[in-house]
Amino acid sequence: MRLKNLMKVALAVAVVIAGISTAEAKKKTRASGRATTGITVTQSADKTYSGIVFRTFATKKKNAKMDIAFPVSGPDAVVTAMRKWILGDDYSASVASPEAMMKQRMATVGPNRDVKDMQDSISVMYANDKVITLENFDYEYYGGAHGMYGITQATFLISDGTKLTADMLPSIEVLRPYIIKAMMHDLELTRDGLRDMCFGSLELPMGIPSVTSKGLQIQYGTYEIAPFSAGAPSCVIPLSEIKSLLSPQALRFF
């Protein structure tokens, strides 16, 4: 009998806990819904790049803003690859716009939230008959002296959606002299000046590669090779200088 009573008490406690958990879950869901309420996303006129149609989605909340050039139609493989890059973990084959992701992210911004300010932009940086390159500028301010920002690019083959990656290129030991030369040219620095900017070392790592009209761009993040005051350094290596070094796989992008 005592065991039965204990079982009854345990069951009652479990029901109460389950009720509390359910209530908390509903409360969080309602709060999330309220957070995105009132956040509107506008759409601009479509623009076509190399047969791929992009639509820019934009939203703003006080000083925080987002604008994303999103592929809405075109060859399936490259459109899917670009959507996966843009949406990240929010990607789903059924998602035809970035609106939900934008509203959820904007809801995390505010004076009483962890993210005080935010700027996020994705645009078409370059396109030709072979490739299309997207660029993402992302800034977040959490308080303190300054916010943090990053610039990244991604180049895709229009034919099949393949994304250019560093492992398709020659090793960093082979490319480093060309990167140093290009950095000196683009930043108008001497070799010693570049070394001073790069924490006293020219043992540069591989950055993020992408294709531009001028050649192979290498992009670094803030603090990756230089202090914050140097920003997010990048350089472009002319294709003529490295074409003979590239594999057939890499040459597909040029």
# chains A, B, ... in the order shown; residues from 1 in each chain; ligands from 1
call {"tool": "select_by_dssp", "arguments": {"residues": "region 67-181 of chain A", "states": "alpha helix (DSSP H)", "output": "ChimeraX atom specification"}}
result
/A:76-87,99-106,172-181
call {"tool": "closest_residue", "arguments": {"among": "A:Ile179, A:Ala100, A:Ile158, A:Ile39", "to": "Gly74 (chain A)", "atoms": "only C-alpha atoms"}}
result
A:Ile158
call {"tool": "closest_atom_pairs", "arguments": {"of": "region 151-220 of chain A", "to": "region 126-137 of chain A", "cutoff": "12 Å", "atoms": "only C-alpha atoms", "output": "Markdown table"}}
result
| residue | atom | partner | partner_atom | distance |
| --- | --- | --- | --- | --- |
| A:Ile151 | CA | A:Phe137 | CA | 4.7 |
| A:Thr152 | CA | A:Asn136 | CA | 5.3 |
| A:Gln153 | CA | A:Glu135 | CA | 4.3 |
| A:Ala154 | CA | A:Leu134 | CA | 5.4 |
| A:Thr155 | CA | A:Thr133 | CA | 4.2 |
| A:Phe156 | CA | A:Ile132 | CA | 5.5 |
| A:Leu157 | CA | A:Val131 | CA | 4.6 |
| A:Ile158 | CA | A:Val131 | CA | 5.3 |
| A:Ser159 | CA | A:Lys130 | CA | 7.2 |
| A:Asp160 | CA | A:Val131 | CA | 10.0 |
| A:Gly161 | CA | A:Val131 | CA | 8.9 |
| A:Thr162 | CA | A:Val131 | CA | 9.5 |
| A:Lys163 | CA | A:Val131 | CA | 9.4 |
| A:Leu164 | CA | A:Thr133 | CA | 9.7 |
| A:Ile208 | CA | A:Glu135 | CA | 11.2 |
| A:Pro209 | CA | A:Thr133 | CA | 10.4 |
| A:Ser210 | CA | A:Thr133 | CA | 6.9 |
| A:Val211 | CA | A:Thr133 | CA | 6.6 |
| A:Thr212 | CA | A:Tyr126 | CA | 5.9 |
| A:Ser213 | CA | A:Tyr126 | CA | 7.0 |
| A:Lys214 | CA | A:Tyr126 | CA | 10.3 |
| A:Gly215 | CA | A:Tyr126 | CA | 11.2 |
| A:Leu216 | CA | A:Thr133 | CA | 11.4 |
| A:Gln217 | CA | A:Thr133 | CA | 10.7 |
| A:Gln219 | CA | A:Glu135 | CA | 10.7 |
call {"tool": "residues_around", "arguments": {"residues": "Glu99 (chain A)", "least_positions_apart": "6", "cutoff": "12 Å", "atoms": "only C-alpha atoms", "output": "list of chain:residue names"}}
result
A:Thr36, A:Ile39, A:Thr40, A:Val41, A:Thr42, A:Gln43, A:Arg55, A:Thr56, A:Phe57, A:Ala58, A:Thr59, A:Met66, A:Asp67, A:Ile68, A:Ala69, A:Phe70, A:Ile86, A:Leu87, A:Asp90, A:Tyr91, A:Arg105, A:Met106
call {"tool": "select_by_dssp", "arguments": {"residues": "region 43-232 of chain A", "states": "strand (DSSP E or B)", "output": "PDB file with C-alpha atoms, in the first residue's frame"}}
result
ATOM      1  CA  GLN A  43      11.680  43.071 -51.147  1.00  0.00           C
ATOM      2  CA  LYS A  47      18.219  41.639 -60.696  1.00  0.00           C
ATOM      3  CA  THR A  48      19.714  39.027 -63.000  1.00  0.00           C
ATOM      4  CA  TYR A  49      23.364  37.992 -62.987  1.00  0.00           C
ATOM      5  CA  ILE A  52      20.470  33.786 -62.009  1.00  0.00           C
ATOM      6  CA  VAL A  53      17.706  35.991 -60.613  1.00  0.00           C
ATOM      7  CA  PHE A  54      18.343  37.642 -57.246  1.00  0.00           C
ATOM      8  CA  ARG A  55      15.891  39.485 -55.033  1.00  0.00           C
ATOM      9  CA  THR A  56      17.135  41.693 -52.195  1.00  0.00           C
ATOM     10  CA  PHE A  57      15.352  41.239 -48.867  1.00  0.00           C
ATOM     11  CA  ALA A  58      15.864  44.006 -46.305  1.00  0.00           C
ATOM     12  CA  THR A  59      14.841  44.786 -42.742  1.00  0.00           C
ATOM     13  CA  LYS A  60      15.728  47.427 -40.180  1.00  0.00           C
ATOM     14  CA  LYS A  61      15.359  47.900 -36.431  1.00  0.00           C
ATOM     15  CA  ALA A  64      20.448  47.531 -36.948  1.00  0.00           C
ATOM     16  CA  LYS A  65      19.809  46.443 -40.505  1.00  0.00           C
ATOM     17  CA  MET A  66      20.068  43.495 -42.850  1.00  0.00           C
ATOM     18  CA  ASP A  67      19.933  43.264 -46.619  1.00  0.00           C
ATOM     19  CA  ILE A  68      20.402  39.977 -48.419  1.00  0.00           C
ATOM     20  CA  ALA A  69      20.598  39.344 -52.154  1.00  0.00           C
ATOM     21  CA  PHE A  70      18.892  35.966 -52.380  1.00  0.00           C
ATOM     22  CA  PRO A  71      18.754  33.716 -55.480  1.00  0.00           C
ATOM     23  CA  VAL A  72      15.106  33.120 -56.366  1.00  0.00           C
ATOM     24  CA  SER A  73      15.522  31.330 -59.699  1.00  0.00           C
ATOM     25  CA  VAL A 109      19.179  42.792 -31.284  1.00  0.00           C
ATOM     26  CA  VAL A 115      23.626  41.982 -29.339  1.00  0.00           C
ATOM     27  CA  ASP A 117      23.751  46.544 -32.799  1.00  0.00           C
ATOM     28  CA  MET A 118      24.118  44.568 -36.013  1.00  0.00           C
ATOM     29  CA  GLN A 119      24.719  45.080 -39.725  1.00  0.00           C
ATOM     30  CA  ASP A 120      24.512  42.154 -42.124  1.00  0.00           C
ATOM     31  CA  SER A 121      24.724  42.401 -45.888  1.00  0.00           C
ATOM     32  CA  ILE A 122      25.061  39.823 -48.667  1.00  0.00           C
ATOM     33  CA  SER A 123      25.562  40.998 -52.224  1.00  0.00           C
ATOM     34  CA  VAL A 124      26.678  39.771 -55.617  1.00  0.00           C
ATOM     35  CA  MET A 125      30.329  40.789 -55.849  1.00  0.00           C
ATOM     36  CA  TYR A 126      31.188  39.406 -59.287  1.00  0.00           C
ATOM     37  CA  ALA A 127      29.668  37.283 -62.042  1.00  0.00           C
ATOM     38  CA  VAL A 131      31.179  31.765 -61.898  1.00  0.00           C
ATOM     39  CA  ILE A 132      29.323  33.943 -59.460  1.00  0.00           C
ATOM     40  CA  THR A 133      30.878  35.376 -56.294  1.00  0.00           C
ATOM     41  CA  LEU A 134      28.866  36.472 -53.250  1.00  0.00           C
ATOM     42  CA  GLU A 135      30.171  38.682 -50.446  1.00  0.00           C
ATOM     43  CA  ASN A 136      28.968  38.856 -46.857  1.00  0.00           C
ATOM     44  CA  PHE A 137      29.708  41.788 -44.526  1.00  0.00           C
ATOM     45  CA  ASP A 138      28.678  40.987 -40.960  1.00  0.00           C
ATOM     46  CA  TYR A 139      29.016  43.351 -37.967  1.00  0.00           C
ATOM     47  CA  GLU A 140      27.876  42.832 -34.381  1.00  0.00           C
ATOM     48  CA  TYR A 141      28.309  45.051 -31.320  1.00  0.00           C
ATOM     49  CA  MET A 148      33.391  42.937 -34.402  1.00  0.00           C
ATOM     50  CA  TYR A 149      32.995  42.485 -38.113  1.00  0.00           C
ATOM     51  CA  GLY A 150      33.947  40.025 -40.783  1.00  0.00           C
ATOM     52  CA  ILE A 151      34.017  39.928 -44.563  1.00  0.00           C
ATOM     53  CA  THR A 152      33.725  36.632 -46.404  1.00  0.00           C
ATOM     54  CA  GLN A 153      33.251  35.671 -50.019  1.00  0.00           C
ATOM     55  CA  ALA A 154      32.216  32.511 -51.823  1.00  0.00           C
ATOM     56  CA  THR A 155      32.602  31.680 -55.504  1.00  0.00           C
ATOM     57  CA  PHE A 156      30.369  29.090 -57.169  1.00  0.00           C
ATOM     58  CA  LEU A 157      30.482  27.403 -60.557  1.00  0.00           C
ATOM     59  CA  LYS A 163      32.187  26.167 -54.371  1.00  0.00           C
ATOM     60  CA  ILE A 208      39.334  32.692 -47.940  1.00  0.00           C
ATOM     61  CA  PRO A 209      39.706  32.395 -51.736  1.00  0.00           C
ATOM     62  CA  SER A 210      37.291  33.852 -54.287  1.00  0.00           C
ATOM     63  CA  VAL A 211      37.258  34.912 -57.924  1.00  0.00           C
ATOM     64  CA  THR A 212      37.040  38.541 -59.038  1.00  0.00           C
ATOM     65  CA  GLY A 215      42.086  37.337 -60.428  1.00  0.00           C
ATOM     66  CA  LEU A 216      42.192  35.281 -57.230  1.00  0.00           C
ATOM     67  CA  GLN A 217      41.210  37.218 -54.118  1.00  0.00           C
ATOM     68  CA  ILE A 218      42.464  36.153 -50.692  1.00  0.00           C
ATOM     69  CA  GLN A 219      40.452  37.508 -47.761  1.00  0.00           C
TER      70      GLN A 219
END
call {"tool": "closest_residue", "arguments": {"among": "A:Asp196, A:Leu202, A:Pro248, A:Arg113", "to": "Ala230 (chain A)", "atoms": "only C-alpha atoms"}}
result
A:Asp196
call {"tool": "residues_around", "arguments": {"residues": "Ile180 (chain A)", "least_positions_apart": "5", "cutoff": "10 Å", "atoms": "only C-alpha atoms", "output": "list in words"}}
result
Leu175, His185, Asp186, Arg191, Leu194, Arg195, Leu202, Glu203, Leu204, Cys235 and Ile237 of chain A
call {"tool": "write_last_selection", "arguments": {"atoms": "N, CA, C and O atoms", "output": "PDB file, in the first residue's frame"}}
result
ATOM      1  N   LEU A 175      51.735  29.411 -52.500  1.00  0.00           N
ATOM      2  CA  LEU A 175      51.019  30.661 -52.763  1.00  0.00           C
ATOM      3  C   LEU A 175      51.503  31.840 -51.927  1.00  0.00           C
ATOM      4  O   LEU A 175      51.299  32.993 -52.312  1.00  0.00           O
ATOM      5  N   HIS A 185      51.370  45.255 -52.889  1.00  0.00           N
ATOM      6  CA  HIS A 185      50.871  46.100 -53.976  1.00  0.00           C
ATOM      7  C   HIS A 185      49.544  46.747 -53.608  1.00  0.00           C
ATOM      8  O   HIS A 185      49.373  47.969 -53.709  1.00  0.00           O
ATOM      9  N   ASP A 186      48.598  45.928 -53.151  1.00  0.00           N
ATOM     10  CA  ASP A 186      47.238  46.437 -52.904  1.00  0.00           C
ATOM     11  C   ASP A 186      47.180  47.377 -51.706  1.00  0.00           C
ATOM     12  O   ASP A 186      46.371  48.310 -51.681  1.00  0.00           O
ATOM     13  N   ARG A 191      57.870  45.570 -47.916  1.00  0.00           N
ATOM     14  CA  ARG A 191      57.903  44.256 -47.258  1.00  0.00           C
ATOM     15  C   ARG A 191      58.020  44.417 -45.746  1.00  0.00           C
ATOM     16  O   ARG A 191      57.338  43.724 -44.985  1.00  0.00           O
ATOM     17  N   LEU A 194      54.679  45.622 -44.383  1.00  0.00           N
ATOM     18  CA  LEU A 194      53.696  44.538 -44.290  1.00  0.00           C
ATOM     19  C   LEU A 194      54.012  43.647 -43.099  1.00  0.00           C
ATOM     20  O   LEU A 194      53.104  43.235 -42.361  1.00  0.00           O
ATOM     21  N   ARG A 195      55.283  43.353 -42.886  1.00  0.00           N
ATOM     22  CA  ARG A 195      55.670  42.536 -41.740  1.00  0.00           C
ATOM     23  C   ARG A 195      55.277  43.220 -40.428  1.00  0.00           C
ATOM     24  O   ARG A 195      54.757  42.566 -39.513  1.00  0.00           O
ATOM     25  N   LEU A 202      55.699  37.269 -41.590  1.00  0.00           N
ATOM     26  CA  LEU A 202      55.100  37.110 -42.922  1.00  0.00           C
ATOM     27  C   LEU A 202      54.768  35.639 -43.211  1.00  0.00           C
ATOM     28  O   LEU A 202      54.589  35.254 -44.360  1.00  0.00           O
ATOM     29  N   GLU A 203      54.684  34.837 -42.156  1.00  0.00           N
ATOM     30  CA  GLU A 203      54.259  33.445 -42.320  1.00  0.00           C
ATOM     31  C   GLU A 203      52.729  33.416 -42.420  1.00  0.00           C
ATOM     32  O   GLU A 203      52.035  32.865 -41.561  1.00  0.00           O
ATOM     33  N   LEU A 204      52.211  34.028 -43.467  1.00  0.00           N
ATOM     34  CA  LEU A 204      50.769  34.205 -43.600  1.00  0.00           C
ATOM     35  C   LEU A 204      50.059  32.873 -43.850  1.00  0.00           C
ATOM     36  O   LEU A 204      50.545  32.039 -44.626  1.00  0.00           O
ATOM     37  N   CYS A 235      43.760  40.780 -50.634  1.00  0.00           N
ATOM     38  CA  CYS A 235      44.565  41.108 -51.806  1.00  0.00           C
ATOM     39  C   CYS A 235      44.057  40.303 -52.990  1.00  0.00           C
ATOM     40  O   CYS A 235      43.321  39.329 -52.822  1.00  0.00           O
ATOM     41  N   ILE A 237      45.492  38.337 -56.398  1.00  0.00           N
ATOM     42  CA  ILE A 237      46.629  37.848 -57.170  1.00  0.00           C
ATOM     43  C   ILE A 237      46.202  37.749 -58.628  1.00  0.00           C
ATOM     44  O   ILE A 237      45.247  37.033 -58.944  1.00  0.00           O
TER      45      ILE A 237
END
call {"tool": "closest_residue", "arguments": {"among": "A:Val78, A:Lys243, A:Gly88, A:Tyr142", "to": "Asp114 (chain A)", "atoms": "only C-alpha atoms"}}
result
A:Tyr142
call {"tool": "closest_residue", "arguments": {"among": "A:His146, A:Glu173, A:Met183, A:Asp76", "to": "Phe228 (chain A)", "atoms": "only C-alpha atoms"}}
result
A:His146
call {"tool": "decode", "arguments": {"residues": "region 16-163 of chain A", "atoms": "C-alpha atoms", "output": "PDB file, in the first residue's frame"}}
result
ATOM      1  CA  VAL A  16       3.162  18.802 -12.199  1.00  0.00           C
ATOM      2  CA  ILE A  17       6.722  18.936 -13.586  1.00  0.00           C
ATOM      3  CA  ALA A  18       5.476  18.093 -17.054  1.00  0.00           C
ATOM      4  CA  GLY A  19       2.884  20.831 -16.720  1.00  0.00           C
ATOM      5  CA  ILE A  20       5.535  23.345 -15.689  1.00  0.00           C
ATOM      6  CA  SER A  21       7.806  22.269 -18.548  1.00  0.00           C
ATOM      7  CA  THR A  22       4.980  22.574 -21.037  1.00  0.00           C
ATOM      8  CA  ALA A  23       4.019  25.971 -19.665  1.00  0.00           C
ATOM      9  CA  GLU A  24       7.609  27.173 -19.878  1.00  0.00           C
ATOM     10  CA  ALA A  25       7.905  25.912 -23.443  1.00  0.00           C
ATOM     11  CA  LYS A  26       4.697  27.683 -24.404  1.00  0.00           C
ATOM     12  CA  LYS A  27       5.926  30.832 -22.662  1.00  0.00           C
ATOM     13  CA  LYS A  28       9.199  30.754 -24.612  1.00  0.00           C
ATOM     14  CA  THR A  29       7.326  30.139 -27.855  1.00  0.00           C
ATOM     15  CA  ARG A  30       5.004  33.083 -27.189  1.00  0.00           C
ATOM     16  CA  ALA A  31       7.993  35.273 -26.284  1.00  0.00           C
ATOM     17  CA  SER A  32       9.762  34.285 -29.490  1.00  0.00           C
ATOM     18  CA  GLY A  33       6.659  35.084 -31.469  1.00  0.00           C
ATOM     19  CA  ARG A  34       6.345  38.484 -29.786  1.00  0.00           C
ATOM     20  CA  ALA A  35      10.025  39.198 -30.493  1.00  0.00           C
ATOM     21  CA  THR A  36       9.561  38.818 -34.252  1.00  0.00           C
ATOM     22  CA  THR A  37       6.208  40.612 -34.273  1.00  0.00           C
ATOM     23  CA  GLY A  38       6.510  44.008 -35.897  1.00  0.00           C
ATOM     24  CA  ILE A  39       9.704  43.157 -37.786  1.00  0.00           C
ATOM     25  CA  THR A  40       8.955  43.615 -41.463  1.00  0.00           C
ATOM     26  CA  VAL A  41      11.036  42.461 -44.397  1.00  0.00           C
ATOM     27  CA  THR A  42      10.810  44.345 -47.686  1.00  0.00           C
ATOM     28  CA  GLN A  43      11.680  43.071 -51.147  1.00  0.00           C
ATOM     29  CA  SER A  44      13.314  44.993 -53.978  1.00  0.00           C
ATOM     30  CA  ALA A  45      13.031  44.501 -57.717  1.00  0.00           C
ATOM     31  CA  ASP A  46      14.757  41.416 -59.123  1.00  0.00           C
ATOM     32  CA  LYS A  47      18.219  41.639 -60.696  1.00  0.00           C
ATOM     33  CA  THR A  48      19.714  39.027 -63.000  1.00  0.00           C
ATOM     34  CA  TYR A  49      23.364  37.992 -62.987  1.00  0.00           C
ATOM     35  CA  SER A  50      24.526  35.395 -65.520  1.00  0.00           C
ATOM     36  CA  GLY A  51      21.047  33.901 -65.784  1.00  0.00           C
ATOM     37  CA  ILE A  52      20.470  33.786 -62.009  1.00  0.00           C
ATOM     38  CA  VAL A  53      17.706  35.991 -60.613  1.00  0.00           C
ATOM     39  CA  PHE A  54      18.343  37.642 -57.246  1.00  0.00           C
ATOM     40  CA  ARG A  55      15.891  39.485 -55.033  1.00  0.00           C
ATOM     41  CA  THR A  56      17.135  41.693 -52.195  1.00  0.00           C
ATOM     42  CA  PHE A  57      15.352  41.239 -48.867  1.00  0.00           C
ATOM     43  CA  ALA A  58      15.864  44.006 -46.305  1.00  0.00           C
ATOM     44  CA  THR A  59      14.841  44.786 -42.742  1.00  0.00           C
ATOM     45  CA  LYS A  60      15.728  47.427 -40.180  1.00  0.00           C
ATOM     46  CA  LYS A  61      15.359  47.900 -36.431  1.00  0.00           C
ATOM     47  CA  LYS A  62      16.635  51.264 -35.195  1.00  0.00           C
ATOM     48  CA  ASN A  63      20.299  51.269 -36.277  1.00  0.00           C
ATOM     49  CA  ALA A  64      20.448  47.531 -36.948  1.00  0.00           C
ATOM     50  CA  LYS A  65      19.809  46.443 -40.505  1.00  0.00           C
ATOM     51  CA  MET A  66      20.068  43.495 -42.850  1.00  0.00           C
ATOM     52  CA  ASP A  67      19.933  43.264 -46.619  1.00  0.00           C
ATOM     53  CA  ILE A  68      20.402  39.977 -48.419  1.00  0.00           C
ATOM     54  CA  ALA A  69      20.598  39.344 -52.154  1.00  0.00           C
ATOM     55  CA  PHE A  70      18.892  35.966 -52.380  1.00  0.00           C
ATOM     56  CA  PRO A  71      18.754  33.716 -55.480  1.00  0.00           C
ATOM     57  CA  VAL A  72      15.106  33.120 -56.366  1.00  0.00           C
ATOM     58  CA  SER A  73      15.522  31.330 -59.699  1.00  0.00           C
ATOM     59  CA  GLY A  74      18.186  29.919 -61.978  1.00  0.00           C
ATOM     60  CA  PRO A  75      20.025  26.607 -62.466  1.00  0.00           C
ATOM     61  CA  ASP A  76      19.013  24.369 -59.566  1.00  0.00           C
ATOM     62  CA  ALA A  77      22.493  23.236 -58.499  1.00  0.00           C
ATOM     63  CA  VAL A  78      24.033  26.682 -58.121  1.00  0.00           C
ATOM     64  CA  VAL A  79      20.883  28.226 -56.633  1.00  0.00           C
ATOM     65  CA  THR A  80      20.782  25.471 -53.998  1.00  0.00           C
ATOM     66  CA  ALA A  81      24.507  25.845 -53.217  1.00  0.00           C
ATOM     67  CA  MET A  82      24.174  29.608 -52.749  1.00  0.00           C
ATOM     68  CA  ARG A  83      21.061  29.265 -50.591  1.00  0.00           C
ATOM     69  CA  LYS A  84      22.892  26.798 -48.336  1.00  0.00           C
ATOM     70  CA  TRP A  85      25.794  29.256 -47.967  1.00  0.00           C
ATOM     71  CA  ILE A  86      23.462  32.171 -47.194  1.00  0.00           C
ATOM     72  CA  LEU A  87      21.108  30.391 -44.796  1.00  0.00           C
ATOM     73  CA  GLY A  88      23.572  28.032 -43.094  1.00  0.00           C
ATOM     74  CA  ASP A  89      21.805  25.963 -40.439  1.00  0.00           C
ATOM     75  CA  ASP A  90      18.481  27.542 -41.420  1.00  0.00           C
ATOM     76  CA  TYR A  91      18.644  26.006 -44.894  1.00  0.00           C
ATOM     77  CA  SER A  92      15.846  23.717 -46.034  1.00  0.00           C
ATOM     78  CA  ALA A  93      14.859  22.731 -49.557  1.00  0.00           C
ATOM     79  CA  SER A  94      11.417  24.171 -48.822  1.00  0.00           C
ATOM     80  CA  VAL A  95      12.757  27.615 -47.794  1.00  0.00           C
ATOM     81  CA  ALA A  96      12.324  30.008 -50.730  1.00  0.00           C
ATOM     82  CA  SER A  97      13.372  33.225 -48.964  1.00  0.00           C
ATOM     83  CA  PRO A  98      15.509  34.380 -46.025  1.00  0.00           C
ATOM     84  CA  GLU A  99      12.646  36.231 -44.306  1.00  0.00           C
ATOM     85  CA  ALA A 100      12.199  33.910 -41.309  1.00  0.00           C
ATOM     86  CA  MET A 101      15.935  33.778 -40.637  1.00  0.00           C
ATOM     87  CA  MET A 102      16.212  37.563 -40.882  1.00  0.00           C
ATOM     88  CA  LYS A 103      13.327  38.149 -38.469  1.00  0.00           C
ATOM     89  CA  GLN A 104      14.747  35.697 -35.936  1.00  0.00           C
ATOM     90  CA  ARG A 105      18.185  37.277 -36.061  1.00  0.00           C
ATOM     91  CA  MET A 106      16.844  40.822 -35.851  1.00  0.00           C
ATOM     92  CA  ALA A 107      14.826  39.800 -32.797  1.00  0.00           C
ATOM     93  CA  THR A 108      18.096  39.139 -30.932  1.00  0.00           C
ATOM     94  CA  VAL A 109      19.179  42.792 -31.284  1.00  0.00           C
ATOM     95  CA  GLY A 110      18.317  45.530 -28.800  1.00  0.00           C
ATOM     96  CA  PRO A 111      19.613  47.686 -25.939  1.00  0.00           C
ATOM     97  CA  ASN A 112      18.636  45.057 -23.352  1.00  0.00           C
ATOM     98  CA  ARG A 113      19.912  42.090 -25.339  1.00  0.00           C
ATOM     99  CA  ASP A 114      23.342  40.538 -25.834  1.00  0.00           C
ATOM    100  CA  VAL A 115      23.626  41.982 -29.339  1.00  0.00           C
ATOM    101  CA  LYS A 116      23.336  45.774 -29.107  1.00  0.00           C
ATOM    102  CA  ASP A 117      23.751  46.544 -32.799  1.00  0.00           C
ATOM    103  CA  MET A 118      24.118  44.568 -36.013  1.00  0.00           C
ATOM    104  CA  GLN A 119      24.719  45.080 -39.725  1.00  0.00           C
ATOM    105  CA  ASP A 120      24.512  42.154 -42.124  1.00  0.00           C
ATOM    106  CA  SER A 121      24.724  42.401 -45.888  1.00  0.00           C
ATOM    107  CA  ILE A 122      25.061  39.823 -48.667  1.00  0.00           C
ATOM    108  CA  SER A 123      25.562  40.998 -52.224  1.00  0.00           C
ATOM    109  CA  VAL A 124      26.678  39.771 -55.617  1.00  0.00           C
ATOM    110  CA  MET A 125      30.329  40.789 -55.849  1.00  0.00           C
ATOM    111  CA  TYR A 126      31.188  39.406 -59.287  1.00  0.00           C
ATOM    112  CA  ALA A 127      29.668  37.283 -62.042  1.00  0.00           C
ATOM    113  CA  ASN A 128      30.637  36.056 -65.488  1.00  0.00           C
ATOM    114  CA  ASP A 129      29.555  33.156 -67.689  1.00  0.00           C
ATOM    115  CA  LYS A 130      31.446  30.628 -65.512  1.00  0.00           C
ATOM    116  CA  VAL A 131      31.179  31.765 -61.898  1.00  0.00           C
ATOM    117  CA  ILE A 132      29.323  33.943 -59.460  1.00  0.00           C
ATOM    118  CA  THR A 133      30.878  35.376 -56.294  1.00  0.00           C
ATOM    119  CA  LEU A 134      28.866  36.472 -53.250  1.00  0.00           C
ATOM    120  CA  GLU A 135      30.171  38.682 -50.446  1.00  0.00           C
ATOM    121  CA  ASN A 136      28.968  38.856 -46.857  1.00  0.00           C
ATOM    122  CA  PHE A 137      29.708  41.788 -44.526  1.00  0.00           C
ATOM    123  CA  ASP A 138      28.678  40.987 -40.960  1.00  0.00           C
ATOM    124  CA  TYR A 139      29.016  43.351 -37.967  1.00  0.00           C
ATOM    125  CA  GLU A 140      27.876  42.832 -34.381  1.00  0.00           C
ATOM    126  CA  TYR A 141      28.309  45.051 -31.320  1.00  0.00           C
ATOM    127  CA  TYR A 142      28.053  43.503 -27.855  1.00  0.00           C
ATOM    128  CA  GLY A 143      29.244  46.543 -25.904  1.00  0.00           C
ATOM    129  CA  GLY A 144      32.715  47.767 -25.056  1.00  0.00           C
ATOM    130  CA  ALA A 145      35.208  49.679 -27.165  1.00  0.00           C
ATOM    131  CA  HIS A 146      34.071  48.477 -30.563  1.00  0.00           C
ATOM    132  CA  GLY A 147      32.057  45.864 -32.383  1.00  0.00           C
ATOM    133  CA  MET A 148      33.391  42.937 -34.402  1.00  0.00           C
ATOM    134  CA  TYR A 149      32.995  42.485 -38.113  1.00  0.00           C
ATOM    135  CA  GLY A 150      33.947  40.025 -40.783  1.00  0.00           C
ATOM    136  CA  ILE A 151      34.017  39.928 -44.563  1.00  0.00           C
ATOM    137  CA  THR A 152      33.725  36.632 -46.404  1.00  0.00           C
ATOM    138  CA  GLN A 153      33.251  35.671 -50.019  1.00  0.00           C
ATOM    139  CA  ALA A 154      32.216  32.511 -51.823  1.00  0.00           C
ATOM    140  CA  THR A 155      32.602  31.680 -55.504  1.00  0.00           C
ATOM    141  CA  PHE A 156      30.369  29.090 -57.169  1.00  0.00           C
ATOM    142  CA  LEU A 157      30.482  27.403 -60.557  1.00  0.00           C
ATOM    143  CA  ILE A 158      27.288  28.268 -62.394  1.00  0.00           C
ATOM    144  CA  SER A 159      27.345  24.914 -64.199  1.00  0.00           C
ATOM    145  CA  ASP A 160      27.081  22.661 -61.132  1.00  0.00           C
ATOM    146  CA  GLY A 161      27.203  24.819 -57.961  1.00  0.00           C
ATOM    147  CA  THR A 162      30.679  23.701 -56.855  1.00  0.00           C
ATOM    148  CA  LYS A 163      32.187  26.167 -54.371  1.00  0.00           C
TER     149      LYS A 163
END
